[in-house]
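Colleague: What follows is a single structure, and I will ask about it in a moment.
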Amino acid sequence: MQVQAKVVTTNAPIAAEVLCEGKTITPIYKIQGASSASPLVVKGDNESINEVTTTGVVTARADRLYKGFFIQDPQGDGSPLTSDGIFVHWGASAPAEIVPGMEICVTGKVQEHAGFTQINIEEQQKFSIGKHVGELAATPLQIKENQSLAQALEQFEGMKVVLTAASDMQVTRSFSLDYDSYRNNMVLSHQAPLMKATQVYAPLSAEAIALNHANIANQIVVESDYKAEHGKVPYFPNFNAENGYIRIGDTLTNIEGVIGYSYDKYRFMPTNEISASDFIRNHDRSEVPAIANQGDLRVASFNVLNFFNSEFGGDANPLGHNRGAKIESEMLLQRTKIVNAMAAMNADIIGIMEVENNGFGELSAIQNLVDALNAKQAAELTYKFVEVDDNNGLIGTDAIAVGILYRPAVVILDGKAKVIATPEQHIEEGVVTRINDGVKETNPAYHKYQRHSLMQGFMINDQKLTIVVNHFKSKGSGCLEDWLSFNEDSEPEDLQGKCNAFRVSAAKVIGESITDLDGDVLVIGDLNAYGKEDPLAVLTDYDANLNERVIKTASHTRLNGLDHEVKELVVDKGYGLINLNTQAHGPATYSYSYNGELGNLDHALGNSSLAARVVAIEDWHINAVESSLFEYSSKYTGELAKSENAYSSSDHDPLIIALAYPDTKASAASLSFLGLLLLSALGFRRKAGVNNKSGF
């Protein structure tokens with residue numbers, strides 16, 4: 001920890017009668033009270049009727065984030081229910097002489113500003129400054145048993161606190177861009193990172209609703225006063241990609257700051273600096289997956305975060321779009337990071353998502369990637385990729401596609417690859433209606449697509465394995481069903497994101513495509529659905545007769561250019577695949593982080609014969625828990641040095657499955673050889689006159 005030089009005051013009371021010129025003093029803890037709002041503000045109002053005068057010691061200036069300063073009573077009332085600190089709103093930068101450690105008396109009205117208790121002196125600026133008594137010691141943040149983090153923070157609102165190991169505040173979103181405020185910051189939660197409700201519980205179940213509410217109450221944003229410069233963490237000057245990283249799940253200690261509230265979230269504004277030693281690494285980086293050498297065969301699923309090469313001499317893609325690196329040096333860095341991750345994974349088959357859809361020629365992105373990967377492999381462990389003959393070597397019509405890499409020395413292709421077309425949703429403007437506050441409205445046009453899937457059979461030791469690689473529609477932009485349910489601009493109530501029914505339609509098509517396959521079947525990829533969401537239920541064990549939840553497909557869908565499901569259809573039963581991660585580890589697994597919550601978008605689903613072969617399965621946490629600032633792009637990272645290491649090689653963690661495929665021929669040959677040895681030995685013993693009844 002970087003030691004901060006300061007003078008720590010004692011709990012000596014301020015000479016308020018001198019500082020405040022004989023005015024009636026209302027202590028800060030009386031202003032704060034023991035509830036979420038000040039008792040001096042009438043319920044339903046946001047400001048007290050009368051002005052109050054209070055006094056304290058300045059603990060922090062907040063020139064940009066809140067435009068004022070924090071003060072605290074050095075004695076307090078000793079009650080854990082009331083805060084001894086409060087924010088004083090100035091409206092701009094306060095005078096330079098108002099600094100931490102300075103006694104001050106302020107007079108103004110008490111406000112509940114969007115839930116933040118403060119004293120407003122913006123208009124008349126009634127204050128008087130006393131002497132500098134030294135900075136107050138920070139109070140350790142404590143969260144009591146059976147108390148939510150939000151309840152605890154309300155009791156510390158406006159105070160200067162310090163996080164200790166006992167506070168047990170863990171990173172639940174690493175330092176990265178906050179799309180609500182367009183600031184780089186990070187989020188902490190108490191005891192553990194937050195898990196997406198629909199990762200572990202069925203949508204709209206009582207458990208999912210309760211967990212979602214608990215997650216909302218278990219967050220605090222670590223927010224610097226001044227907007228952080230690109231690539232810098234203001235309170236962590238040694239932030240770097242090699243040994244100064246911040247990972248989700250780290251416990252943060254020794255950081256001091258004041259507790260504020262804005263935009264419906266509690267915020268912790270640091271007042272000191274920390275170092276890497278102040279992070280307790282509960283789940284630190286690993287250089288290789290734990291299962292990298294387990295099983296007879298390893299299969300991996302890896303979203304490679306828009307690996308494109310068309311702007312750097314590669315072939316064009318169907319849309320002419322570049323969603324990846326805009327600078328060649330960044331593309332090369334991206335490739336190096338991906339290759340380093342793949343080499344460490346040591347998988348024999350790798351299903352990839354988000355590779356540029358520009359064919360399989362010498363100038364294709366997949367060839368570019370495989371060439372770089374093979375440069376790091378022994379000759380007997382090099383990779384090839386599965387090729388598609390039709391559609392000019394393209395998989396669907398999107399700028400990105402799925403792909404399959406494999407080691408010919410380990411597995412043999414069984415037949416040609418098959419592209420599984422996935423549904424599209426097409427509906428023109430004004431076809432369907434909804435009633436909005438008594439007014440009939442007609443729909444906007446929707447033309448939605450999702451990436452086609454790729455199926456390939458393999459033989460390993462004379463045993464058949466079929467791999468299906470998928471990348472379903474994202475949760476971002478909406479489909480017709482979101483408009484019909486008034487969720488076109490908001491998160492759906494069931495927390496499954498936009499276009500859930502559209503993903504169900506894709507899951508249904510995949511389920512139908514594998515129904516009659518022989519041998520082992522493994523469905524992998526980025527399904528853009530968490531573990532208990534509808535698309536997973538459809539592919540696994542859903543039974544309408546045993547569930548209250550009704551699962552429906554999307555309407556107005558087309559498949560291969562023909563009408564598919566014009567009307568939504570109710571799903572009766574799932575396709576019986578087994579979620580291999582859940583089978584091995586339970587539902588609380590993750591490969592992705594979004595908005596401070598963890599969950600699996602990347603899945604491995606197998607039929608029963610495949611599930612019986614699972615030796616181990618691992619989400620290798622090299623990406624989801626890392627800061628996105630370590631990714632290849634330098635657009636918002638300033639002078640931050642990049643690393644070629646595997647961490648932040650994508651925004652998704654790779655998923656690796658180790659499978660048992662013993663060489664039955666080799667086993668039979670070994671048994672035959674042992675048998676011959678046994679017979680030879682017995683024959684020798686007979687010739688020597690040994691009594692065979694005594695045993696070998």
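Residue names in the structure tokens use chain letters A, B, ... in the order shown, residue numbers from 1 in each chain, and ligand numbers from 1 in the order shown.
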Do a neighbour search on Ala60 (chain A) at 7 Å with only C-alpha atoms, toss out local chain neighbours closer than 3 positions, and write the hits as a list in words.

Modeller: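 In the requested form, the answer reads Phe69, Phe70 and Pro100 of chain A.
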
Colleague: Considering only C-alpha atoms, give me a table of residues in region 610-646 of chain A that are at most 10 Å from region 294-299 of chain A, with the closest atom pair and distance in Å for each, as a tab-separated table.

Modeller:
```
residue	atom	partner	partner_atom	distance
A:Arg613	CA	A:Gly295	CA	9.0
A:Val614	CA	A:Gly295	CA	8.2
A:Val615	CA	A:Gly295	CA	6.0
A:Ala616	CA	A:Gln294	CA	7.5
A:Ile617	CA	A:Arg298	CA	9.3
```

Colleague: List the spatial neighbours of Gln334 (chain A) as a ChimeraX atom specification - criterion: any atom at most 8 Å away, only C-alpha atoms, same-chain residues fewer than 2 positions off excluded.

Modeller: /A:307,325,330-332,336-338,631-632,649

Colleague: Need to verify the contact set: Asp526 (chain A), 10 Å, only C-alpha atoms, exclusion of same-chain residues closer than 4 positions in sequence. Can you return it as a list of chain:residue names?

Modeller: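 Everything that qualifies: A:Ser301, A:Phe302, A:Asn303, A:Gly351, A:Ile352, A:Met353, A:Glu354, A:Val402, A:Val469, A:Asn470, A:His471, A:Phe472, A:Lys473, A:Ser474, A:Tyr530, A:Ser591, A:Asn600, A:Leu601, A:Asp602, A:His603, A:Ala604, A:His652.
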
Colleague: Please, what distance in Å, to one decimal, runs between CA of Gly56 (chain A) and CA of Lys160 (chain A)?

Modeller: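 Computing the Euclidean distance for CA of Gly56 (chain A) and CA of Lys160 (chain A) yields 12.3 Å.
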
Colleague: So which residues touch Ser648 (chain A) within 9 Å, counting only C-alpha atoms, skipping near sequence neighbours fewer than 6 positions away, as a list in words?

Modeller: Lys337, Ile622, Asn623, Ala624, Val625, Glu626, Ser627, Ser628, Leu629, Phe630, Glu631 and Tyr632 of chain A

Colleague: Taking only C-alpha atoms into account, which of A:Cys479, A:Gly68, A:Met459, A:Leu381 comes nearest Asn443 (chain A)?

Modeller: A:Cys479

Colleague: Per residue of region 253-335 of chain A within 9 Å of region 639-647 of chain A, note the shortest atom pair and the distance in Å to one decimal, counting only C-alpha atoms, and order the rows by chain and increasing residue number, as a tab-separated table.

Modeller:
```
residue	atom	partner	partner_atom	distance
A:Arg285	CA	A:Tyr647	CA	8.4
A:Glu287	CA	A:Ala646	CA	8.3
A:Leu333	CA	A:Glu644	CA	6.5
A:Gln334	CA	A:Glu644	CA	8.2
```

Colleague: Those same residues - N, CA and C atoms - I'd like them written as an mmCIF file, in the first residue's frame.

Modeller:
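out12.cif, written as the output of this step:
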```cif
data_model
loop_
_atom_site.group_PDB
_atom_site.id
_atom_site.type_symbol
_atom_site.label_atom_id
_atom_site.label_comp_id
_atom_site.auth_asym_id
_atom_site.auth_seq_id
_atom_site.Cartn_x
_atom_site.Cartn_y
_atom_site.Cartn_z
ATOM 1 N N ARG A 285 -4.998 -14.993 -11.589
ATOM 2 C CA ARG A 285 -4.747 -15.477 -12.942
ATOM 3 C C ARG A 285 -4.078 -16.861 -12.920
ATOM 4 N N GLU A 287 -1.886 -19.370 -15.728
ATOM 5 C CA GLU A 287 -1.217 -19.311 -17.027
ATOM 6 C C GLU A 287 -1.776 -20.314 -18.017
ATOM 7 N N LEU A 333 -1.783 -7.507 -32.545
ATOM 8 C CA LEU A 333 -1.808 -7.714 -31.102
ATOM 9 C C LEU A 333 -2.979 -8.617 -30.727
ATOM 10 N N GLN A 334 -4.146 -8.333 -31.311
ATOM 11 C CA GLN A 334 -5.319 -9.163 -31.045
ATOM 12 C C GLN A 334 -5.034 -10.625 -31.397
#
```

Colleague: Pull the alpha helix (DSSP H) assignments for region 186-264 of chain A out of DSSP run on the backbone, and list those residues as a PyMOL selection string.

Modeller: chain A and resi 197-200+206-216

Colleague: Report as a tab-separated table the residues of region 8-124 of chain A within 10 Å of region 256-262 of chain A, each with its shortest atom pair and distance in Å (one decimal), using only C-alpha atoms, ordered by chain and increasing residue number.

Modeller:
```
residue	atom	partner	partner_atom	distance
A:Thr59	CA	A:Val258	CA	7.8
A:Ala60	CA	A:Val258	CA	7.2
A:Arg61	CA	A:Val258	CA	9.8
A:Ala62	CA	A:Val258	CA	9.7
A:Leu65	CA	A:Ser262	CA	9.4
A:Tyr66	CA	A:Gly260	CA	8.6
A:Phe70	CA	A:Val258	CA	7.6
A:Ile71	CA	A:Val258	CA	9.7
A:Gly85	CA	A:Val258	CA	8.9
A:Ile86	CA	A:Gly260	CA	8.9
A:Phe87	CA	A:Gly260	CA	7.8
A:His113	CA	A:Ser262	CA	8.3
A:Ala114	CA	A:Ser262	CA	6.7
A:Gly115	CA	A:Tyr261	CA	7.0
A:Phe116	CA	A:Tyr261	CA	5.3
A:Thr117	CA	A:Tyr261	CA	8.5
A:Gln118	CA	A:Gly260	CA	9.7
```

Colleague: Next, dump the selected residues to file, keeping only all heavy atoms, as a compact mmCIF listing (two decimals), in the first residue's frame.

Modeller:
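The new file result-v9.txt reads:
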```
# COMPACT_ATOMS: atom_id res chain seq x y z
N THR A 59 -13.62 16.48 5.10
CA THR A 59 -12.96 15.20 4.84
C THR A 59 -12.55 15.05 3.38
O THR A 59 -11.62 14.31 3.06
CB THR A 59 -13.87 14.02 5.22
OG1 THR A 59 -15.13 14.16 4.54
CG2 THR A 59 -14.09 13.98 6.72
N ALA A 60 -13.25 15.74 2.48
CA ALA A 60 -12.91 15.61 1.06
C ALA A 60 -13.57 16.73 0.27
O ALA A 60 -14.68 17.16 0.58
CB ALA A 60 -13.36 14.26 0.50
N ARG A 61 -12.88 17.18 -0.75
CA ARG A 61 -13.47 18.07 -1.74
C ARG A 61 -14.02 17.21 -2.87
O ARG A 61 -13.44 16.18 -3.23
CB ARG A 61 -12.43 19.04 -2.29
CG ARG A 61 -11.92 20.07 -1.30
CD ARG A 61 -10.80 20.88 -1.94
NE ARG A 61 -11.26 21.61 -3.12
CZ ARG A 61 -11.68 22.87 -3.12
NH1 ARG A 61 -11.68 23.56 -1.99
NH2 ARG A 61 -12.07 23.46 -4.23
N ALA A 62 -15.12 17.64 -3.45
CA ALA A 62 -15.70 16.95 -4.61
C ALA A 62 -16.02 18.02 -5.65
O ALA A 62 -17.16 18.47 -5.78
CB ALA A 62 -16.94 16.17 -4.21
N LEU A 65 -17.46 15.68 -9.25
CA LEU A 65 -18.47 14.65 -9.13
C LEU A 65 -19.74 15.17 -8.47
O LEU A 65 -20.85 14.88 -8.92
CB LEU A 65 -17.91 13.46 -8.33
CG LEU A 65 -18.75 12.20 -8.29
CD1 LEU A 65 -18.99 11.67 -9.70
CD2 LEU A 65 -18.07 11.13 -7.44
N TYR A 66 -19.59 15.97 -7.39
CA TYR A 66 -20.76 16.49 -6.67
C TYR A 66 -20.79 18.01 -6.56
O TYR A 66 -21.81 18.58 -6.19
CB TYR A 66 -20.80 15.90 -5.26
CG TYR A 66 -20.92 14.40 -5.21
CD1 TYR A 66 -19.86 13.62 -4.73
CD2 TYR A 66 -22.07 13.75 -5.64
CE1 TYR A 66 -19.96 12.25 -4.67
CE2 TYR A 66 -22.18 12.38 -5.58
CZ TYR A 66 -21.12 11.63 -5.10
OH TYR A 66 -21.22 10.27 -5.05
N PHE A 70 -17.30 17.39 1.58
CA PHE A 70 -17.84 16.54 2.64
C PHE A 70 -17.30 17.01 3.98
O PHE A 70 -16.11 17.36 4.09
CB PHE A 70 -17.45 15.09 2.42
CG PHE A 70 -18.14 14.42 1.27
CD1 PHE A 70 -17.70 14.61 -0.04
CD2 PHE A 70 -19.24 13.59 1.49
CE1 PHE A 70 -18.33 13.99 -1.10
CE2 PHE A 70 -19.88 12.97 0.43
CZ PHE A 70 -19.43 13.16 -0.88
N ILE A 71 -18.17 17.00 5.00
CA ILE A 71 -17.73 17.33 6.36
C ILE A 71 -18.20 16.22 7.30
O ILE A 71 -19.15 15.49 7.00
CB ILE A 71 -18.23 18.70 6.85
CG1 ILE A 71 -19.77 18.73 6.94
CG2 ILE A 71 -17.74 19.81 5.93
CD1 ILE A 71 -20.33 20.00 7.57
N GLY A 85 -21.38 12.05 8.92
CA GLY A 85 -20.87 12.88 7.84
C GLY A 85 -22.00 13.35 6.94
O GLY A 85 -23.10 12.78 6.92
N ILE A 86 -21.72 14.41 6.17
CA ILE A 86 -22.72 14.93 5.25
C ILE A 86 -22.01 15.70 4.13
O ILE A 86 -20.90 16.21 4.31
CB ILE A 86 -23.75 15.83 5.97
CG1 ILE A 86 -25.02 15.99 5.15
CG2 ILE A 86 -23.14 17.20 6.33
CD1 ILE A 86 -26.19 16.54 5.94
N PHE A 87 -22.68 15.76 2.99
CA PHE A 87 -22.15 16.51 1.86
C PHE A 87 -22.72 17.92 1.87
O PHE A 87 -23.91 18.13 2.13
CB PHE A 87 -22.50 15.83 0.54
CG PHE A 87 -22.07 16.59 -0.67
CD1 PHE A 87 -20.73 16.74 -0.98
CD2 PHE A 87 -23.01 17.19 -1.51
CE1 PHE A 87 -20.32 17.46 -2.09
CE2 PHE A 87 -22.62 17.91 -2.62
CZ PHE A 87 -21.27 18.04 -2.91
N HIS A 113 -31.43 15.21 -2.33
CA HIS A 113 -31.19 15.41 -3.76
C HIS A 113 -31.08 14.05 -4.43
O HIS A 113 -30.04 13.40 -4.39
CB HIS A 113 -29.91 16.22 -3.96
CG HIS A 113 -29.60 16.50 -5.40
ND1 HIS A 113 -30.35 17.34 -6.18
CD2 HIS A 113 -28.61 16.02 -6.22
CE1 HIS A 113 -29.86 17.38 -7.39
NE2 HIS A 113 -28.80 16.58 -7.45
N ALA A 114 -32.19 13.61 -5.04
CA ALA A 114 -32.24 12.30 -5.71
C ALA A 114 -31.78 11.20 -4.77
O ALA A 114 -31.09 10.26 -5.16
CB ALA A 114 -31.41 12.30 -6.98
N GLY A 115 -32.18 11.31 -3.47
CA GLY A 115 -31.84 10.30 -2.49
C GLY A 115 -30.58 10.55 -1.71
O GLY A 115 -30.22 9.76 -0.83
N PHE A 116 -29.87 11.65 -2.00
CA PHE A 116 -28.61 11.97 -1.33
C PHE A 116 -28.85 13.12 -0.37
O PHE A 116 -29.21 14.23 -0.78
CB PHE A 116 -27.58 12.35 -2.39
CG PHE A 116 -26.18 12.57 -1.88
CD1 PHE A 116 -25.73 11.97 -0.72
CD2 PHE A 116 -25.29 13.36 -2.60
CE1 PHE A 116 -24.44 12.15 -0.28
CE2 PHE A 116 -23.99 13.56 -2.17
CZ PHE A 116 -23.56 12.95 -1.01
N THR A 117 -28.67 12.86 0.93
CA THR A 117 -28.87 13.90 1.94
C THR A 117 -27.70 14.89 1.89
O THR A 117 -26.54 14.50 1.99
CB THR A 117 -28.98 13.29 3.34
OG1 THR A 117 -30.01 12.31 3.35
CG2 THR A 117 -29.30 14.36 4.38
N GLN A 118 -28.03 16.18 1.77
CA GLN A 118 -26.99 17.18 1.68
C GLN A 118 -27.48 18.50 2.25
O GLN A 118 -28.68 18.72 2.45
CB GLN A 118 -26.57 17.39 0.22
CG GLN A 118 -27.68 17.94 -0.67
CD GLN A 118 -27.25 18.11 -2.12
OE1 GLN A 118 -26.37 17.41 -2.61
NE2 GLN A 118 -27.86 19.06 -2.82
```

Colleague: Here is a test: counting only C-alpha atoms, which residue of A:Ala228, A:Met345, A:Val509, A:Ile209 is nearest to Ile291 (chain A)?

Modeller: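 For Ile291 (chain A), the nearest of the candidates is A:Met345.
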
Colleague: Record the distance separating CA of Ser176 (chain A) and CA of Ser93 (chain A), expressed in Å with one decimal.

Modeller: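 CA of Ser93 (chain A) lies 26.6 Å from CA of Ser176 (chain A).
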
Colleague: Taking only C-alpha atoms into account, which of A:His426, A:Lys232, A:Arg247, A:Arg434 comes nearest Tyr636 (chain A)?

Modeller: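 Of the candidates, the smallest distance to Tyr636 (chain A) is held by A:Lys232.
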
Colleague: Restricting the calculation to only C-alpha atoms: of A:Asp414, A:Asp494, A:Glu229, A:Glu548, which residue gets closest to Gly519 (chain A)?

Modeller: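 Looking at the shortest contact to Gly519 (chain A), the residue is A:Asp414.
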